[in-house]
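Asks: start_13.txt is reproduced in full below (compact mmCIF, C-alpha atoms).
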```
# COMPACT_ATOMS: atom_id res chain seq x y z
CA MET J 1 8.99 -38.63 18.95
CA GLY J 2 6.61 -35.97 17.66
CA ALA J 3 3.25 -36.66 16.11
CA GLU J 4 3.01 -36.93 12.34
CA LEU J 5 1.30 -34.08 10.55
CA SER J 6 -2.03 -35.00 9.06
CA PRO J 7 -2.99 -33.95 5.53
CA ALA J 8 -5.32 -31.37 7.14
CA ASP J 9 -2.40 -29.98 9.18
CA ILE J 10 -0.24 -29.71 6.04
CA ALA J 11 -3.05 -27.96 4.14
CA ARG J 12 -3.53 -25.52 7.04
CA LEU J 13 0.21 -24.74 7.14
CA LYS J 14 0.23 -24.13 3.37
CA ARG J 15 -2.77 -21.78 3.68
CA ILE J 16 -1.10 -19.89 6.55
CA ALA J 17 2.11 -19.55 4.52
CA ASP J 18 0.17 -18.28 1.48
CA GLU J 19 -1.73 -15.76 3.62
CA ALA J 20 1.52 -14.58 5.23
CA GLU J 21 3.13 -13.99 1.82
CA ILE J 22 0.11 -12.01 0.59
CA THR J 23 -0.02 -9.98 3.81
CA ALA J 24 3.68 -9.18 3.36
CA LEU J 25 2.97 -7.94 -0.19
CA ILE J 26 0.23 -5.63 1.11
CA ALA J 27 2.60 -4.28 3.78
CA ALA J 28 5.30 -3.80 1.14
CA TYR J 29 2.83 -1.85 -1.01
CA ALA J 30 2.14 0.58 1.86
CA ASP J 31 5.87 0.91 2.48
CA VAL J 32 6.55 1.67 -1.20
CA MET J 33 3.85 4.38 -1.17
CA ASP J 34 5.03 6.05 2.06
CA TRP J 35 8.74 6.06 1.19
CA LEU J 36 8.33 6.53 -2.60
CA ASP J 37 10.53 3.49 -3.10
CA TRP J 38 9.53 3.09 -6.74
CA ASP J 39 12.26 0.54 -7.50
CA ARG J 40 10.33 -1.97 -5.33
CA LEU J 41 6.87 -1.48 -6.86
CA SER J 42 7.46 -4.07 -9.59
CA SER J 43 8.35 -6.69 -6.95
CA VAL J 44 4.87 -6.27 -5.43
CA PHE J 45 2.75 -6.46 -8.62
CA TRP J 46 2.81 -8.68 -11.68
CA PRO J 47 3.51 -6.70 -14.91
CA ASP J 48 0.00 -7.46 -16.22
CA SER J 49 -1.77 -6.30 -13.03
CA GLN J 50 -4.94 -4.23 -13.40
CA PHE J 51 -5.91 -1.21 -11.27
CA ASP J 52 -9.22 0.57 -10.65
CA PHE J 53 -9.41 3.68 -8.48
CA GLY J 54 -12.57 4.98 -10.14
CA MET J 55 -10.88 8.14 -11.43
CA PHE J 56 -8.05 5.95 -12.79
CA LYS J 57 -8.22 2.55 -14.47
CA GLY J 58 -5.32 0.85 -16.19
CA ASP J 59 -2.50 -1.63 -16.30
CA PHE J 60 0.72 -1.64 -14.28
CA ALA J 61 2.68 0.66 -16.62
CA ALA J 62 -0.06 3.31 -16.54
CA TYR J 63 -0.53 2.89 -12.78
CA ASP J 64 3.20 3.30 -12.15
CA SER J 65 3.11 6.74 -13.83
CA PHE J 66 -0.20 7.71 -12.20
CA VAL J 67 0.77 6.78 -8.64
CA ARG J 68 4.19 8.43 -8.84
CA MET J 69 2.61 11.72 -9.89
CA LEU J 70 -0.07 11.42 -7.21
CA GLU J 71 2.14 10.46 -4.25
CA GLU J 72 5.07 12.72 -5.12
CA GLY J 73 2.65 15.66 -4.83
CA TYR J 74 2.50 15.13 -1.07
CA ARG J 75 5.13 16.23 1.43
CA ARG J 76 4.02 13.62 4.00
CA ARG J 77 2.33 10.24 3.45
CA LEU J 78 1.05 7.55 5.80
CA HIS J 79 -0.75 4.49 4.41
CA MET J 80 -2.09 2.21 7.13
CA PHE J 81 -3.88 -1.04 6.32
CA ALA J 82 -6.02 -3.19 8.55
CA ILE J 83 -5.17 -6.86 8.84
CA PRO J 84 -6.44 -8.19 5.51
CA VAL J 85 -9.10 -10.82 5.10
CA ILE J 86 -7.56 -13.24 2.59
CA ARG J 87 -9.24 -16.04 0.71
CA VAL J 88 -6.88 -18.36 -1.14
CA SER J 89 -8.13 -20.67 -3.85
CA GLY J 90 -5.30 -22.63 -5.42
CA ASP J 91 -2.90 -20.20 -7.07
CA LYS J 92 -5.27 -17.23 -6.82
CA ALA J 93 -6.35 -15.14 -3.86
CA ARG J 94 -8.50 -12.16 -2.93
CA ALA J 95 -7.71 -9.82 -0.06
CA ASP J 96 -9.81 -7.07 1.51
CA SER J 97 -8.08 -4.54 3.74
CA GLY J 98 -9.53 -1.42 5.29
CA SER J 99 -7.27 1.61 5.07
CA PHE J 100 -6.52 4.93 6.69
CA ILE J 101 -4.37 7.32 4.68
CA ILE J 102 -3.26 10.81 5.59
CA CYS J 103 -1.19 12.95 3.23
CA ARG J 104 0.19 16.46 3.74
CA LYS J 105 0.37 18.78 0.78
CA ASP J 106 1.76 22.28 0.48
CA ASN J 107 -1.05 24.38 -0.97
CA ASP J 108 -0.76 27.50 1.18
CA ALA J 109 1.44 28.86 3.99
CA HIS J 110 1.07 25.75 6.16
CA GLY J 111 -0.44 23.14 3.86
CA ALA J 112 -3.41 20.83 4.21
CA ASP J 113 -3.94 17.22 5.22
CA ASP J 114 -5.99 14.94 2.96
CA ILE J 115 -7.56 12.16 5.03
CA PHE J 116 -8.86 9.08 3.25
CA THR J 117 -10.53 5.99 4.66
CA GLY J 118 -11.48 3.15 2.39
CA ARG J 119 -10.90 -0.41 1.33
CA TYR J 120 -8.19 -1.90 -0.81
CA LEU J 121 -9.46 -4.96 -2.66
CA PHE J 122 -6.48 -6.90 -3.93
CA THR J 123 -6.17 -9.95 -6.12
CA ALA J 124 -3.01 -12.03 -6.00
CA GLU J 125 -1.60 -14.88 -8.04
CA ARG J 126 1.10 -17.44 -7.46
CA ARG J 127 3.26 -17.90 -10.53
CA ASP J 128 6.44 -19.96 -10.73
CA GLY J 129 6.12 -20.66 -7.00
CA GLY J 130 5.89 -17.02 -5.86
CA TRP J 131 3.05 -14.67 -5.00
CA ARG J 132 2.54 -11.12 -6.28
CA LEU J 133 -0.48 -8.87 -6.40
CA SER J 134 -2.36 -9.02 -9.71
CA GLY J 135 -5.00 -6.37 -9.18
CA LEU J 136 -6.10 -3.52 -6.96
CA THR J 137 -9.49 -1.84 -6.65
CA TYR J 138 -9.85 1.07 -4.24
CA VAL J 139 -13.21 1.85 -2.63
CA LEU J 140 -13.37 5.26 -0.94
CA HIS J 141 -15.49 5.57 2.21
CA PHE J 142 -14.48 9.02 3.44
CA LEU J 143 -12.38 11.96 2.26
CA GLU J 144 -11.73 15.15 4.15
CA GLN J 145 -9.27 17.95 3.64
CA ARG J 146 -8.15 19.85 6.72
CA PRO J 147 -6.05 23.01 6.62
CA VAL J 148 -2.95 22.87 8.79
CA PRO J 149 -3.21 25.72 11.35
CA ALA J 150 0.54 26.21 11.81
CA ASP J 151 3.76 25.15 10.15
CA ASP J 152 5.08 22.22 12.19
CA ARG J 153 8.27 21.74 10.18
CA GLY J 154 11.37 22.26 12.27
CA GLY J 155 9.48 21.41 15.45
CA PRO J 156 10.69 19.17 18.24
CA MET J 157 9.30 15.98 16.69
CA HIS J 158 10.60 13.94 13.76
CA TYR J 159 7.98 14.54 11.09
CA GLY J 160 7.54 12.27 8.08
CA ASP J 161 8.32 14.96 5.53
CA ASP J 162 9.99 14.09 2.25
CA LEU J 163 10.37 10.36 2.89
CA SER J 164 12.35 8.49 0.27
CA PRO J 165 14.82 5.59 0.15
CA ARG J 166 17.55 8.23 0.71
CA HIS J 167 15.94 9.59 3.91
CA PRO J 168 18.16 9.10 7.00
CA PHE J 169 15.40 7.06 8.72
CA ALA J 170 14.77 4.74 5.74
CA VAL J 171 15.22 1.04 6.49
CA ARG J 172 17.93 -0.18 4.17
```
Have the structure of the file written as structure tokens, please.

Replies:
Amino acid sequence: MGAELSPADIARLKRIADEAEITALIAAYADVMDWLDWDRLSSVFWPDSQFDFGMFKGDFAAYDSFVRMLEEGYRRRLHMFAIPVIRVSGDKARADSGSFIICRKDNDAHGADDIFTGRYLFTAERRDGGWRLSGLTYVLHFLEQRPVPADDRGGPMHYGDDLSPRHPFAVR
């Protein structure tokens, strides 16, 4: 027979499960941004979530409009997050995740890449037994724009241009 789980073991397992759910929400957020899968955004955030990007502050409805306009302006998007540091306290949590984002825009013959590094500071809440993100503050560390020296579309590689839920490589 196996050993009984102690109360400390049960608490540790609950904390690990909570952290895994919050990490999955952060990964889903990056996926929504890269693939412009707007139908999924409301499954990541609570409707009363608050956002602060410095140049934008607002609630979920305002953020939904803002982020669509921002991200749809890019031909290529890649949002990469570091493994988040998560602190759970009851039904609330805070998560800090470093980020590297590169986005291609068409602003001349070949375009330009915007490169951002920063931190995403998330809050999350468990309501009715499920976790969603309840807030997002972005802290920018570095921004650079690099012109693209040559048009790489149509090259031998599969480039992440025009990703959407309808893209042939989208996970369905």

Asks: What separation in Å, quoted to one decimal, exists between atom CA of Tyr74 of chain J and atom CA of Gln50 of chain J?

Replies: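 Going from atom CA of Tyr74 of chain J over to atom CA of Gln50 of chain J covers 24.1 Å.
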
Asks: Restricting the calculation to all atoms listed in the file, which member of J:Ala27, J:Ala82, J:Val148, J:Leu13 is positioned closest to Ala109 of chain J?

Replies: J:Val148

Asks: Using all atoms listed in the file, which of J:Val139, J:Ala112, J:Phe122, J:Asp161 sits nearest Gly54 of chain J?

Replies: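 Using all atoms listed in the file, the shortest distance to Gly54 of chain J belongs to J:Val139.
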
Asks: Measuring between all atoms listed in the file, which one of J:Glu4, J:Leu133, J:Gly155, J:Arg127 shows the shortest distance to Leu41 of chain J?

Replies: J:Leu133

Asks: At what distance in Å, to one decimal, does atom CA of Gly160 of chain J lie from atom CA of Asp52 of chain J?

Replies: 27.7 Å

Asks: Find the residue from J:Phe100, J:Trp46, J:Trp35, J:Trp131 that sits nearest to Glu72 of chain J; use all atoms listed in the file when measuring.

Replies: J:Trp35

Asks: I need the residue nearest Ser65 of chain J from this list: J:His141, J:Trp38, J:His110, J:Pro84. Use all atoms listed in the file for the distance.

Replies: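 Closest to Ser65 of chain J of all the choices is J:Trp38.
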
Asks: Find the distance between atom CA of Arg132 of chain J and atom CA of Glu21 of chain J and write it in Å to one decimal.

Replies: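 Computed distance, atom CA of Arg132 of chain J to atom CA of Glu21 of chain J, equals 8.6 Å.
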